[in-house]
file entry16.tsv (TSV, C-alpha atoms)
chain	number	residue	atom	x	y	z
A	1	MET	CA	28.56	19.22	43.31
A	2	ALA	CA	25.08	17.80	43.95
A	3	HIS	CA	23.79	15.01	41.73
A	4	ALA	CA	20.16	14.23	40.99
A	5	LYS	CA	18.82	10.73	40.39
A	6	LEU	CA	15.83	10.23	38.14
A	7	LYS	CA	12.88	8.50	39.73
A	8	PRO	CA	10.87	6.43	37.25
A	9	ILE	CA	7.28	7.46	36.68
A	10	LEU	CA	5.07	4.41	37.02
A	11	GLY	CA	1.79	3.89	35.21
A	12	SER	CA	-0.94	1.73	36.71
A	13	ASP	CA	0.55	-1.37	35.09
A	14	ARG	CA	4.20	-0.62	35.83
A	15	VAL	CA	6.03	-1.52	39.02
A	16	ILE	CA	9.56	-1.28	40.36
A	17	PRO	CA	11.01	-4.79	39.89
A	18	PRO	CA	12.16	-6.36	43.16
A	19	CYS	CA	15.20	-7.94	41.47
A	20	LEU	CA	18.27	-5.67	41.52
A	21	VAL	CA	19.47	-6.81	38.06
A	22	ALA	CA	16.08	-7.08	36.32
A	23	ASP	CA	16.96	-4.26	33.90
A	24	ARG	CA	19.95	-6.24	32.55
A	25	CYS	CA	19.23	-9.93	33.14
A	26	GLY	CA	17.74	-11.81	30.21
A	27	GLY	CA	15.95	-14.25	32.52
A	28	CYS	CA	12.96	-11.96	33.13
A	29	GLN	CA	11.89	-9.55	30.40
A	30	ILE	CA	8.74	-8.03	31.91
A	31	GLN	CA	9.36	-8.06	35.65
A	32	ASP	CA	8.56	-4.32	35.69
A	33	TRP	CA	4.93	-5.08	34.74
A	34	ARG	CA	2.23	-5.70	37.30
A	35	TYR	CA	1.55	-9.45	37.27
A	36	GLY	CA	-2.10	-9.01	36.33
A	37	ALA	CA	-1.03	-6.88	33.35
A	38	GLN	CA	1.43	-9.61	32.29
A	39	LEU	CA	-1.42	-12.14	32.21
A	40	THR	CA	-3.73	-9.83	30.28
A	41	GLN	CA	-1.05	-9.07	27.69
A	42	LYS	CA	-0.22	-12.75	27.16
A	43	THR	CA	-3.87	-13.67	26.63
A	44	GLN	CA	-4.36	-10.83	24.16
A	45	GLN	CA	-1.18	-11.71	22.29
A	46	LEU	CA	-2.20	-15.37	21.92
A	47	ARG	CA	-5.66	-14.38	20.67
A	48	GLN	CA	-4.19	-12.02	18.09
A	49	ILE	CA	-1.71	-14.60	16.77
A	50	LEU	CA	-4.44	-17.23	16.33
A	51	LYS	CA	-6.85	-14.67	14.88
A	52	ASP	CA	-4.36	-13.71	12.17
A	53	ALA	CA	-3.23	-17.26	11.37
A	54	LEU	CA	-6.62	-18.97	11.39
A	55	LYS	CA	-8.67	-16.05	10.04
A	56	LEU	CA	-11.01	-16.23	13.03
A	57	THR	CA	-13.00	-13.28	14.29
A	58	ALA	CA	-12.93	-14.55	17.87
A	59	PRO	CA	-10.48	-17.42	18.53
A	60	PRO	CA	-11.68	-19.71	21.36
A	61	VAL	CA	-8.91	-18.65	23.75
A	62	ARG	CA	-9.66	-18.71	27.46
A	63	ASP	CA	-8.04	-16.31	29.92
A	64	ILE	CA	-4.57	-17.44	30.94
A	65	MET	CA	-4.24	-19.35	34.21
A	66	GLY	CA	-1.70	-17.50	36.34
A	67	MET	CA	0.05	-18.27	39.61
A	68	GLN	CA	-1.15	-17.25	43.04
A	69	ASP	CA	2.47	-16.49	43.95
A	70	PRO	CA	4.61	-15.83	40.83
A	71	TRP	CA	7.97	-16.14	42.61
A	72	GLY	CA	10.30	-19.01	43.44
A	73	PHE	CA	8.73	-21.27	40.81
A	74	ARG	CA	11.78	-22.28	38.78
A	75	TYR	CA	13.01	-25.65	40.10
A	76	LYS	CA	15.74	-26.07	37.50
A	77	ALA	CA	18.73	-23.75	37.20
A	78	GLN	CA	21.05	-24.16	34.21
A	79	LEU	CA	23.56	-21.33	34.34
A	80	PRO	CA	26.68	-20.48	32.31
A	81	LEU	CA	29.93	-19.70	34.12
A	82	GLY	CA	32.33	-16.86	33.45
A	83	VAL	CA	35.01	-14.81	35.13
A	84	ARG	CA	35.41	-11.04	35.53
A	85	ARG	CA	38.24	-9.32	37.36
A	86	GLY	CA	39.21	-12.63	38.90
A	87	GLN	CA	35.72	-13.32	40.28
A	88	VAL	CA	33.50	-16.22	39.19
A	89	GLN	CA	30.38	-15.06	37.34
A	90	MET	CA	27.21	-17.16	37.45
A	91	GLY	CA	23.79	-16.16	36.12
A	92	PHE	CA	21.62	-15.63	33.06
A	93	PHE	CA	22.95	-13.93	29.96
A	94	GLU	CA	22.20	-10.27	29.42
A	95	SER	CA	19.44	-9.95	26.85
A	96	GLY	CA	20.74	-10.38	23.30
A	97	THR	CA	24.34	-11.07	24.42
A	98	HIS	CA	26.56	-13.71	25.98
A	99	HIS	CA	27.53	-11.39	28.84
A	100	ILE	CA	26.72	-13.07	32.15
A	101	VAL	CA	24.74	-11.02	34.65
A	102	ASP	CA	26.25	-12.24	37.92
A	103	THR	CA	23.45	-13.13	40.33
A	104	HIS	CA	23.62	-14.43	43.90
A	105	ARG	CA	19.86	-14.41	44.54
A	106	CYS	CA	17.38	-15.08	41.75
A	107	LEU	CA	13.82	-14.39	42.91
A	108	VAL	CA	12.21	-16.80	40.44
A	109	GLN	CA	14.16	-19.71	41.97
A	110	PRO	CA	13.69	-21.29	45.42
A	111	GLU	CA	16.24	-20.11	47.98
A	112	LYS	CA	17.54	-23.68	48.31
A	113	VAL	CA	18.53	-23.66	44.64
A	114	ASP	CA	20.42	-20.38	45.07
A	115	LYS	CA	22.12	-21.69	48.23
A	116	THR	CA	23.28	-24.79	46.33
A	117	LEU	CA	24.58	-22.67	43.46
A	118	GLY	CA	26.46	-20.61	46.04
A	119	LEU	CA	28.24	-23.73	47.27
A	120	VAL	CA	29.38	-24.51	43.71
A	121	ARG	CA	30.59	-20.91	43.35
A	122	GLN	CA	32.53	-21.25	46.62
A	123	PHE	CA	34.22	-24.42	45.36
A	124	LEU	CA	35.22	-22.86	42.04
A	125	GLU	CA	36.72	-19.82	43.78
A	126	THR	CA	38.52	-21.52	46.65
A	127	GLN	CA	39.99	-24.27	44.46
A	128	GLN	CA	40.78	-21.76	41.68
A	129	ILE	CA	39.15	-23.89	38.98
A	130	LEU	CA	39.72	-22.44	35.51
A	131	ILE	CA	36.48	-21.11	34.01
A	132	TYR	CA	35.68	-21.91	30.38
A	133	ASP	CA	36.16	-19.24	27.71
A	134	GLU	CA	33.78	-20.02	24.83
A	135	LYS	CA	35.56	-17.72	22.36
A	136	ARG	CA	38.94	-19.40	22.82
A	137	HIS	CA	37.54	-22.83	23.77
A	138	CYS	CA	39.78	-23.14	26.79
A	139	GLY	CA	39.27	-23.46	30.52
A	140	LEU	CA	37.39	-26.14	32.42
A	141	ALA	CA	34.10	-25.27	34.21
A	142	ARG	CA	31.38	-24.37	31.66
A	143	HIS	CA	27.93	-24.59	33.24
A	144	VAL	CA	26.29	-25.61	36.47
A	145	LEU	CA	22.95	-27.41	36.55
A	146	VAL	CA	20.82	-27.75	39.69
A	147	ARG	CA	17.50	-29.62	39.76
A	148	MET	CA	15.19	-29.66	42.76
A	149	GLY	CA	12.02	-31.65	43.37
A	150	GLN	CA	9.13	-29.34	44.22
A	151	ALA	CA	7.32	-31.93	46.34
A	152	SER	CA	10.28	-34.02	47.51
A	153	GLY	CA	12.79	-31.22	48.06
A	154	GLU	CA	15.58	-33.47	46.72
A	155	ILE	CA	18.45	-31.74	44.90
A	156	LEU	CA	20.71	-32.94	42.07
A	157	VAL	CA	23.86	-31.00	41.11
A	158	CYS	CA	25.72	-31.37	37.83
A	159	LEU	CA	28.86	-29.45	36.86
A	160	VAL	CA	29.59	-29.30	33.13
A	161	ILE	CA	33.31	-29.31	32.28
A	162	ASN	CA	35.48	-29.03	29.18
A	163	GLY	CA	37.59	-32.07	30.03
A	164	SER	CA	37.45	-35.51	31.59
A	165	HIS	CA	38.71	-34.75	35.11
A	166	LEU	CA	37.76	-32.22	37.80
A	167	PRO	CA	40.60	-31.30	40.18
A	168	ALA	CA	39.68	-31.41	43.87
A	169	ALA	CA	36.35	-33.07	43.08
A	170	GLU	CA	36.22	-34.43	46.64
A	171	HIS	CA	36.06	-30.83	47.94
A	172	LEU	CA	33.03	-30.12	45.75
A	173	VAL	CA	31.31	-33.23	47.09
A	174	ALA	CA	32.16	-32.33	50.70
A	175	LEU	CA	30.79	-28.80	50.27
A	176	LEU	CA	27.55	-29.93	48.64
A	177	ARG	CA	26.96	-32.60	51.26
A	178	THR	CA	26.63	-29.82	53.84
A	179	GLU	CA	23.23	-29.22	52.21
A	180	PRO	CA	21.23	-32.24	53.51
A	181	ARG	CA	18.78	-32.21	50.58
A	182	VAL	CA	21.49	-32.88	47.97
A	183	ARG	CA	21.09	-36.49	46.77
A	184	GLY	CA	23.72	-36.63	44.04
A	185	VAL	CA	26.71	-34.77	42.55
A	186	LEU	CA	27.42	-35.35	38.86
A	187	LEU	CA	30.00	-34.36	36.26
A	188	ASN	CA	28.97	-33.82	32.65
A	189	ILE	CA	31.69	-33.98	29.99
A	190	ASN	CA	31.26	-31.49	27.14
A	191	THR	CA	34.45	-30.85	25.16
A	192	ARG	CA	32.73	-29.61	22.01
A	193	PRO	CA	33.01	-25.96	21.01
A	194	GLY	CA	29.74	-24.11	20.58
A	195	THR	CA	26.73	-23.25	22.70
A	196	ALA	CA	25.40	-26.75	23.51
A	197	ILE	CA	25.20	-27.03	27.29
A	198	LEU	CA	25.33	-30.75	28.03
A	199	GLY	CA	27.60	-33.40	26.58
A	200	SER	CA	26.74	-37.07	26.22
A	201	VAL	CA	28.88	-38.46	29.08
A	202	ILE	CA	27.78	-38.11	32.72
A	203	LYS	CA	29.83	-39.35	35.68
A	204	THR	CA	28.54	-39.70	39.23
A	205	LEU	CA	30.94	-38.17	41.74
A	206	TRP	CA	28.80	-39.06	44.73
A	207	GLY	CA	25.31	-40.29	45.60
A	208	ALA	CA	22.43	-40.90	43.21
A	209	SER	CA	22.30	-40.12	39.49
A	210	HIS	CA	18.74	-38.87	39.80
A	211	ILE	CA	16.15	-37.45	42.17
A	212	GLU	CA	12.46	-38.23	42.56
A	213	ASP	CA	9.46	-35.95	42.65
A	214	GLN	CA	5.70	-36.39	42.83
A	215	MET	CA	2.85	-34.84	40.88
A	216	ASP	CA	-0.84	-35.64	41.42
A	217	GLY	CA	-0.07	-39.00	42.99
A	218	LEU	CA	2.49	-39.98	40.35
A	219	ARG	CA	6.19	-40.47	41.08
A	220	PHE	CA	8.82	-39.31	38.60
A	221	ARG	CA	12.52	-40.08	38.33
A	222	ILE	CA	14.42	-36.98	37.19
A	223	SER	CA	17.98	-37.22	35.90
A	224	ALA	CA	20.26	-34.43	34.70
A	225	LYS	CA	19.11	-34.75	31.09
A	226	SER	CA	15.45	-35.58	31.77
A	227	PHE	CA	12.72	-33.29	30.54
A	228	PHE	CA	10.59	-32.31	33.51
A	229	GLN	CA	8.61	-29.11	33.89
A	230	VAL	CA	10.82	-26.31	35.19
A	231	ASN	CA	7.73	-24.94	36.94
A	232	PRO	CA	6.11	-28.10	38.38
A	233	LEU	CA	3.33	-26.12	40.10
A	234	GLN	CA	2.03	-24.85	36.76
A	235	GLY	CA	3.02	-28.09	35.04
A	236	ARG	CA	0.42	-29.78	37.21
A	237	VAL	CA	-2.15	-27.19	36.07
A	238	LEU	CA	-1.21	-27.74	32.42
A	239	TYR	CA	-1.52	-31.54	32.61
A	240	ARG	CA	-4.85	-31.35	34.40
A	241	GLN	CA	-6.15	-29.03	31.68
A	242	ALA	CA	-4.97	-31.41	28.94
A	243	LEU	CA	-6.78	-34.28	30.65
A	244	GLU	CA	-9.94	-32.27	31.25
A	245	LEU	CA	-10.12	-30.97	27.67
A	246	ALA	CA	-9.49	-34.40	26.14
A	247	ALA	CA	-12.25	-35.98	28.28
A	248	PRO	CA	-10.85	-39.49	27.70
A	249	ARG	CA	-13.03	-42.59	27.98
A	250	ALA	CA	-12.07	-45.89	29.57
A	251	GLN	CA	-11.92	-47.67	26.18
A	252	ASP	CA	-9.77	-45.03	24.42
A	253	VAL	CA	-6.34	-45.65	22.89
A	254	VAL	CA	-3.92	-42.70	23.14
A	255	TRP	CA	-0.76	-41.95	21.18
A	256	ASP	CA	1.68	-39.45	22.71
A	257	LEU	CA	3.99	-38.34	19.91
A	258	TYR	CA	6.52	-36.28	21.89
A	259	CYS	CA	6.23	-38.04	25.22
A	260	GLY	CA	9.52	-37.01	26.86
A	261	THR	CA	9.79	-38.78	30.22
A	262	GLY	CA	6.18	-39.95	29.98
A	263	THR	CA	4.48	-37.40	32.23
A	264	LEU	CA	1.36	-36.80	30.14
A	265	ALA	CA	1.25	-40.42	29.01
A	266	LEU	CA	1.07	-41.59	32.63
A	267	TYR	CA	-1.58	-39.00	33.45
A	268	PHE	CA	-3.76	-40.39	30.64
A	269	ALA	CA	-2.91	-44.04	31.33
A	270	ARG	CA	-4.82	-43.95	34.61
A	271	CYS	CA	-8.13	-43.40	32.81
A	272	VAL	CA	-7.83	-44.99	29.32
A	273	ARG	CA	-7.28	-48.48	27.91
A	274	TYR	CA	-3.80	-48.00	26.49
A	275	VAL	CA	-1.17	-45.32	25.82
A	276	GLN	CA	1.68	-45.57	23.32
A	277	GLY	CA	4.44	-42.94	23.54
A	278	LEU	CA	7.43	-42.04	21.41
A	279	ASP	CA	10.29	-39.58	21.64
A	280	ASN	CA	13.52	-39.11	19.68
A	281	VAL	CA	15.62	-38.76	22.88
A	282	SER	CA	16.59	-42.25	24.01
A	283	GLU	CA	17.44	-41.08	27.55
A	284	ALA	CA	13.92	-39.64	27.88
A	285	ILE	CA	12.39	-42.96	26.80
A	286	ALA	CA	14.54	-44.82	29.36
A	287	ASP	CA	13.20	-42.45	32.02
A	288	ALA	CA	9.62	-42.90	30.75
A	289	LYS	CA	9.88	-46.69	31.07
A	290	GLN	CA	11.36	-46.33	34.54
A	291	ASN	CA	8.58	-43.94	35.55
A	292	ALA	CA	5.94	-46.41	34.37
A	293	ARG	CA	7.54	-49.15	36.51
A	294	LEU	CA	7.88	-46.74	39.43
A	295	ASN	CA	4.11	-46.10	39.34
A	296	LYS	CA	3.17	-49.72	38.58
A	297	ILE	CA	1.39	-48.63	35.39
A	298	SER	CA	1.37	-51.43	32.81
A	299	ASN	CA	-1.01	-50.14	30.11
A	300	VAL	CA	1.69	-47.95	28.52
A	301	SER	CA	4.59	-48.59	26.16
A	302	PHE	CA	7.35	-46.27	25.00
A	303	GLN	CA	9.56	-46.35	21.93
A	304	ALA	CA	12.58	-44.25	20.97
A	305	GLY	CA	12.61	-42.74	17.51
A	306	LYS	CA	11.49	-39.81	15.39
A	307	ALA	CA	7.77	-39.28	14.98
A	308	GLU	CA	8.27	-38.86	11.22
A	309	GLN	CA	9.67	-42.40	10.99
A	310	LEU	CA	7.62	-44.25	13.61
A	311	LEU	CA	4.17	-42.86	12.79
A	312	PRO	CA	3.90	-44.45	9.31
A	313	ARG	CA	5.08	-47.77	10.79
A	314	TRP	CA	2.59	-47.60	13.63
A	315	ARG	CA	-0.19	-46.75	11.22
A	316	HIS	CA	0.51	-49.92	9.21
A	317	GLU	CA	1.32	-52.26	12.10
A	318	MET	CA	-1.24	-51.30	14.75
A	319	LYS	CA	-4.57	-53.08	14.63
A	320	GLN	CA	-6.37	-50.02	16.00
A	321	THR	CA	-5.87	-46.34	15.26
A	322	PRO	CA	-5.78	-43.94	18.23
A	323	ASP	CA	-8.84	-42.18	19.59
A	324	ILE	CA	-6.68	-39.37	21.03
A	325	VAL	CA	-3.32	-38.05	19.87
A	326	ILE	CA	-1.19	-35.84	22.11
A	327	LEU	CA	1.25	-33.42	20.49
A	328	ASP	CA	3.82	-31.72	22.73
A	329	PRO	CA	6.59	-30.79	20.29
A	330	PRO	CA	9.64	-28.58	20.92
A	331	ARG	CA	9.45	-24.86	20.23
A	332	LYS	CA	9.82	-25.33	16.47
A	333	GLY	CA	6.50	-27.22	16.37
A	334	CYS	CA	5.57	-30.28	14.30
A	335	THR	CA	7.10	-31.13	10.96
A	336	GLU	CA	4.91	-31.20	7.87
A	337	LEU	CA	5.31	-34.99	7.64
A	338	VAL	CA	3.96	-35.50	11.18
A	339	LEU	CA	0.96	-33.29	10.42
A	340	ARG	CA	0.29	-35.21	7.18
A	341	GLU	CA	0.40	-38.52	9.07
A	342	LEU	CA	-1.98	-37.11	11.64
A	343	LEU	CA	-4.43	-36.06	8.92
A	344	THR	CA	-4.25	-39.59	7.53
A	345	LEU	CA	-4.86	-41.16	10.97
A	346	ARG	CA	-7.81	-38.83	11.66
A	347	PRO	CA	-8.12	-39.43	15.43
A	348	MET	CA	-11.29	-37.98	16.91
A	349	THR	CA	-9.39	-35.79	19.39
A	350	VAL	CA	-6.05	-33.99	19.22
A	351	ILE	CA	-4.46	-32.35	22.26
A	352	TYR	CA	-1.70	-29.93	21.25
A	353	VAL	CA	0.54	-28.64	24.06
A	354	SER	CA	2.64	-25.73	22.82
A	355	CYS	CA	5.37	-23.46	24.16
A	356	ASP	CA	5.36	-21.17	21.10
A	357	PRO	CA	2.08	-19.54	19.89
A	358	VAL	CA	3.55	-18.79	16.45
A	359	THR	CA	4.40	-22.41	15.56
A	360	LEU	CA	1.16	-23.54	17.23
A	361	ALA	CA	-0.83	-21.20	14.97
A	362	ARG	CA	1.06	-22.43	11.90
A	363	ASP	CA	0.32	-26.09	12.70
A	364	LEU	CA	-3.31	-25.44	13.66
A	365	ALA	CA	-3.86	-23.69	10.34
A	366	ILE	CA	-2.89	-26.93	8.56
A	367	LEU	CA	-4.91	-29.23	10.81
A	368	CYS	CA	-8.01	-27.02	10.75
A	369	ARG	CA	-8.04	-26.47	7.01
A	370	GLU	CA	-10.48	-29.35	6.48
A	371	THR	CA	-10.20	-32.11	9.06
A	372	TYR	CA	-10.29	-30.47	12.50
A	373	HIS	CA	-12.12	-27.77	14.38
A	374	LEU	CA	-10.37	-25.75	17.09
A	375	GLU	CA	-12.59	-26.09	20.15
A	376	THR	CA	-10.60	-24.45	22.94
A	377	VAL	CA	-7.17	-23.02	23.75
A	378	GLN	CA	-6.21	-22.74	27.41
A	379	PRO	CA	-3.01	-20.76	28.10
A	380	VAL	CA	-1.10	-21.45	31.32
A	381	ASP	CA	1.51	-19.04	32.68
A	382	MET	CA	4.50	-21.35	33.13
A	383	PHE	CA	7.08	-18.55	33.25
A	384	PRO	CA	5.89	-15.38	35.03
A	385	HIS	CA	7.85	-12.18	34.31
A	386	THR	CA	8.86	-13.48	30.87
A	387	ALA	CA	7.28	-13.22	27.43
A	388	HIS	CA	6.84	-17.01	27.16
A	389	ILE	CA	3.33	-18.37	26.62
A	390	GLU	CA	2.46	-22.04	27.13
A	391	CYS	CA	-0.96	-23.40	26.21
A	392	VAL	CA	-2.97	-26.52	25.49
A	393	ALA	CA	-5.35	-26.66	22.51
A	394	LEU	CA	-8.25	-29.04	21.92
A	395	LEU	CA	-9.08	-30.06	18.34
A	396	LYS	CA	-12.03	-32.22	17.33
A	397	ARG	CA	-12.42	-34.02	14.03
A	398	VAL	CA	-15.06	-32.37	11.85

call {"tool": "encode", "arguments": {"input": "entry16.tsv", "output": "structure tokens"}}
result
Amino acid sequence: MAHAKLKPILGSDRVIPPCLVADRCGGCQIQDWRYGAQLTQKTQQLRQILKDALKLTAPPVRDIMGMQDPWGFRYKAQLPLGVRRGQVQMGFFESGTHHIVDTHRCLVQPEKVDKTLGLVRQFLETQQILIYDEKRHCGLARHVLVRMGQASGEILVCLVINGSHLPAAEHLVALLRTEPRVRGVLLNINTRPGTAILGSVIKTLWGASHIEDQMDGLRFRISAKSFFQVNPLQGRVLYRQALELAAPRAQDVVWDLYCGTGTLALYFARCVRYVQGLDNVSEAIADAKQNARLNKISNVSFQAGKAEQLLPRWRHEMKQTPDIVILDPPRKGCTELVLRELLTLRPMTVIYVSCDPVTLARDLAILCRETYHLETVQPVDMFPHTAHIECVALLKRV
């Protein structure tokens, strides 16, 4: 009996995705859109969200800045592990589920990252390492994390396990050392049930505990738990836009309220008088201090703690209020207390870097109610083929 196979009808903005699992993998949601159409849709969506939230006829949103080549941009892979019919599964979850879509070649990652992941897969299979079952909370290997420097090419590998010991660890090290760019092999201990990926304890099996990368003349130390842009090519574009929009002066004082590993703080430190950064992740602050020393930048300081607690203290203790405040909060946005403190401080310029237009719009509505005017919003396409929208907004005190 003959069988017919339906051929999809493509509109002008639809394409056949090059990835063989794009229809199931939750990593890319809109890979079947022409890239230009992806950019247009993201710009329009951001404008509509801000229009509704801020009651603006024409929000000052520029066209999104896309990539010249929207492939191979993801320099961090953090993948869950599973097993099916005796075979190790490694890849992103299927959309809306915890079913792993097994992937050997991910087109949004550099080939070197996929090759390194393949070596980890080979180790798990040949040494018959038990794979973690999250429903029953048993098994050993949970996740694999690979970080690669875009400029340096250095690679860091971290295997997350549900236990304190990895059998045949020397075989994993020997396999990974066949890739000359691998600088370190780590073990992360996470014995807690639930969906958290990394635990608090990290052991070095071999080599360095971190890699280095460069961005616009700055050097950055990147550890397994460091925050560093997954797409460093567009991260560079984002940071340049933040600097250009802020237009800092040599005498300015800058406060960076969610500084992470100090990337934006160090960008600004090269052209202002002083930068003070804070973050509630102590490991990130340790990296930020190390990055400042690495770049011989002395007009910065970093402090670990929550913005809600440190801001009132800074406001009372500092002899000078900031001229510029940088906000780069997590996806949930700023808390009401942070926004209230900011309205009390009344810096002349606020730079808000956001990875979620909805929480950005919510926070801008509060800041722009009386004190600030939204001058410009510049979206940057950090994650092509996904629905994610990253942007930087400039606010000026009225």

call {"tool": "residues_near_point", "arguments": {"input": "entry16.tsv", "point": "(11.3, -47.4, 33.2)", "cutoff": "12 Å", "atoms": "all atoms listed in the file", "output": "list in words"}}
result
Arg219, Phe220, Arg221, Ile222, Thr261, Gly262, Leu266, Ser282, Glu283, Ala284, Ile285, Ala286, Asp287, Ala288, Lys289, Gln290, Asn291, Ala292, Arg293, Leu294, Asn295, Lys296, Ile297, Ser298, Val300, Ser301, Phe302 and Gln303 of chain A

call {"tool": "closest_residue", "arguments": {"input": "entry16.tsv", "among": "A:Leu107, A:Ile366, A:Val88, A:Ala169", "to": "Thr335 of chain A", "atoms": "only C-alpha atoms"}}
result
A:Ile366

call {"tool": "closest_residue", "arguments": {"input": "entry16.tsv", "among": "A:Leu119, A:Val398, A:Met65, A:Leu327", "to": "Gln241 of chain A", "atoms": "all atoms listed in the file"}}
result
A:Met65

call {"tool": "atom_distance", "arguments": {"input": "entry16.tsv", "atom1": "atom CA of Asn190 of chain A", "atom2": "atom CA of Ala141 of chain A"}}
result
9.8 Å

call {"tool": "atom_distance", "arguments": {"input": "entry16.tsv", "atom1": "atom CA of Leu343 of chain A", "atom2": "atom CA of Thr376 of chain A"}}
result
19.2 Å

call {"tool": "build_atoms", "arguments": {"input": "entry16.tsv", "residues": "segment 75-90 of chain A", "atoms": "N, CA and C atoms", "output": "compact mmCIF listing (two decimals), in the frame of the given file"}}
result
# COMPACT_ATOMS: atom_id res chain seq x y z
N TYR A 75 12.33 -24.59 39.35
CA TYR A 75 13.01 -25.65 40.10
C TYR A 75 14.16 -26.28 39.32
N LYS A 76 14.56 -25.64 38.24
CA LYS A 76 15.74 -26.07 37.50
C LYS A 76 16.56 -24.84 37.14
N ALA A 77 17.82 -24.84 37.55
CA ALA A 77 18.73 -23.75 37.20
C ALA A 77 19.83 -24.32 36.31
N GLN A 78 20.03 -23.71 35.16
CA GLN A 78 21.05 -24.16 34.21
C GLN A 78 21.82 -22.93 33.77
N LEU A 79 22.92 -22.63 34.46
CA LEU A 79 23.56 -21.33 34.34
C LEU A 79 24.96 -21.43 33.76
N PRO A 80 25.30 -20.54 32.83
CA PRO A 80 26.68 -20.48 32.31
C PRO A 80 27.62 -19.89 33.35
N LEU A 81 28.90 -20.21 33.22
CA LEU A 81 29.93 -19.70 34.12
C LEU A 81 30.87 -18.78 33.35
N GLY A 82 31.36 -17.77 34.04
CA GLY A 82 32.33 -16.86 33.45
C GLY A 82 33.23 -16.32 34.55
N VAL A 83 34.13 -15.43 34.16
CA VAL A 83 35.01 -14.81 35.13
C VAL A 83 35.21 -13.34 34.76
N ARG A 84 35.22 -12.48 35.76
CA ARG A 84 35.41 -11.04 35.53
C ARG A 84 36.21 -10.48 36.70
N ARG A 85 37.34 -9.89 36.35
CA ARG A 85 38.24 -9.32 37.36
C ARG A 85 38.59 -10.35 38.44
N GLY A 86 38.80 -11.57 37.99
CA GLY A 86 39.21 -12.63 38.90
C GLY A 86 38.10 -13.26 39.71
N GLN A 87 36.85 -12.80 39.52
CA GLN A 87 35.72 -13.32 40.28
C GLN A 87 34.84 -14.20 39.38
N VAL A 88 34.39 -15.32 39.93
CA VAL A 88 33.50 -16.22 39.19
C VAL A 88 32.16 -15.53 38.95
N GLN A 89 31.68 -15.60 37.72
CA GLN A 89 30.38 -15.06 37.34
C GLN A 89 29.43 -16.22 37.08
N MET A 90 28.21 -16.10 37.60
CA MET A 90 27.21 -17.16 37.45
C MET A 90 25.84 -16.50 37.36
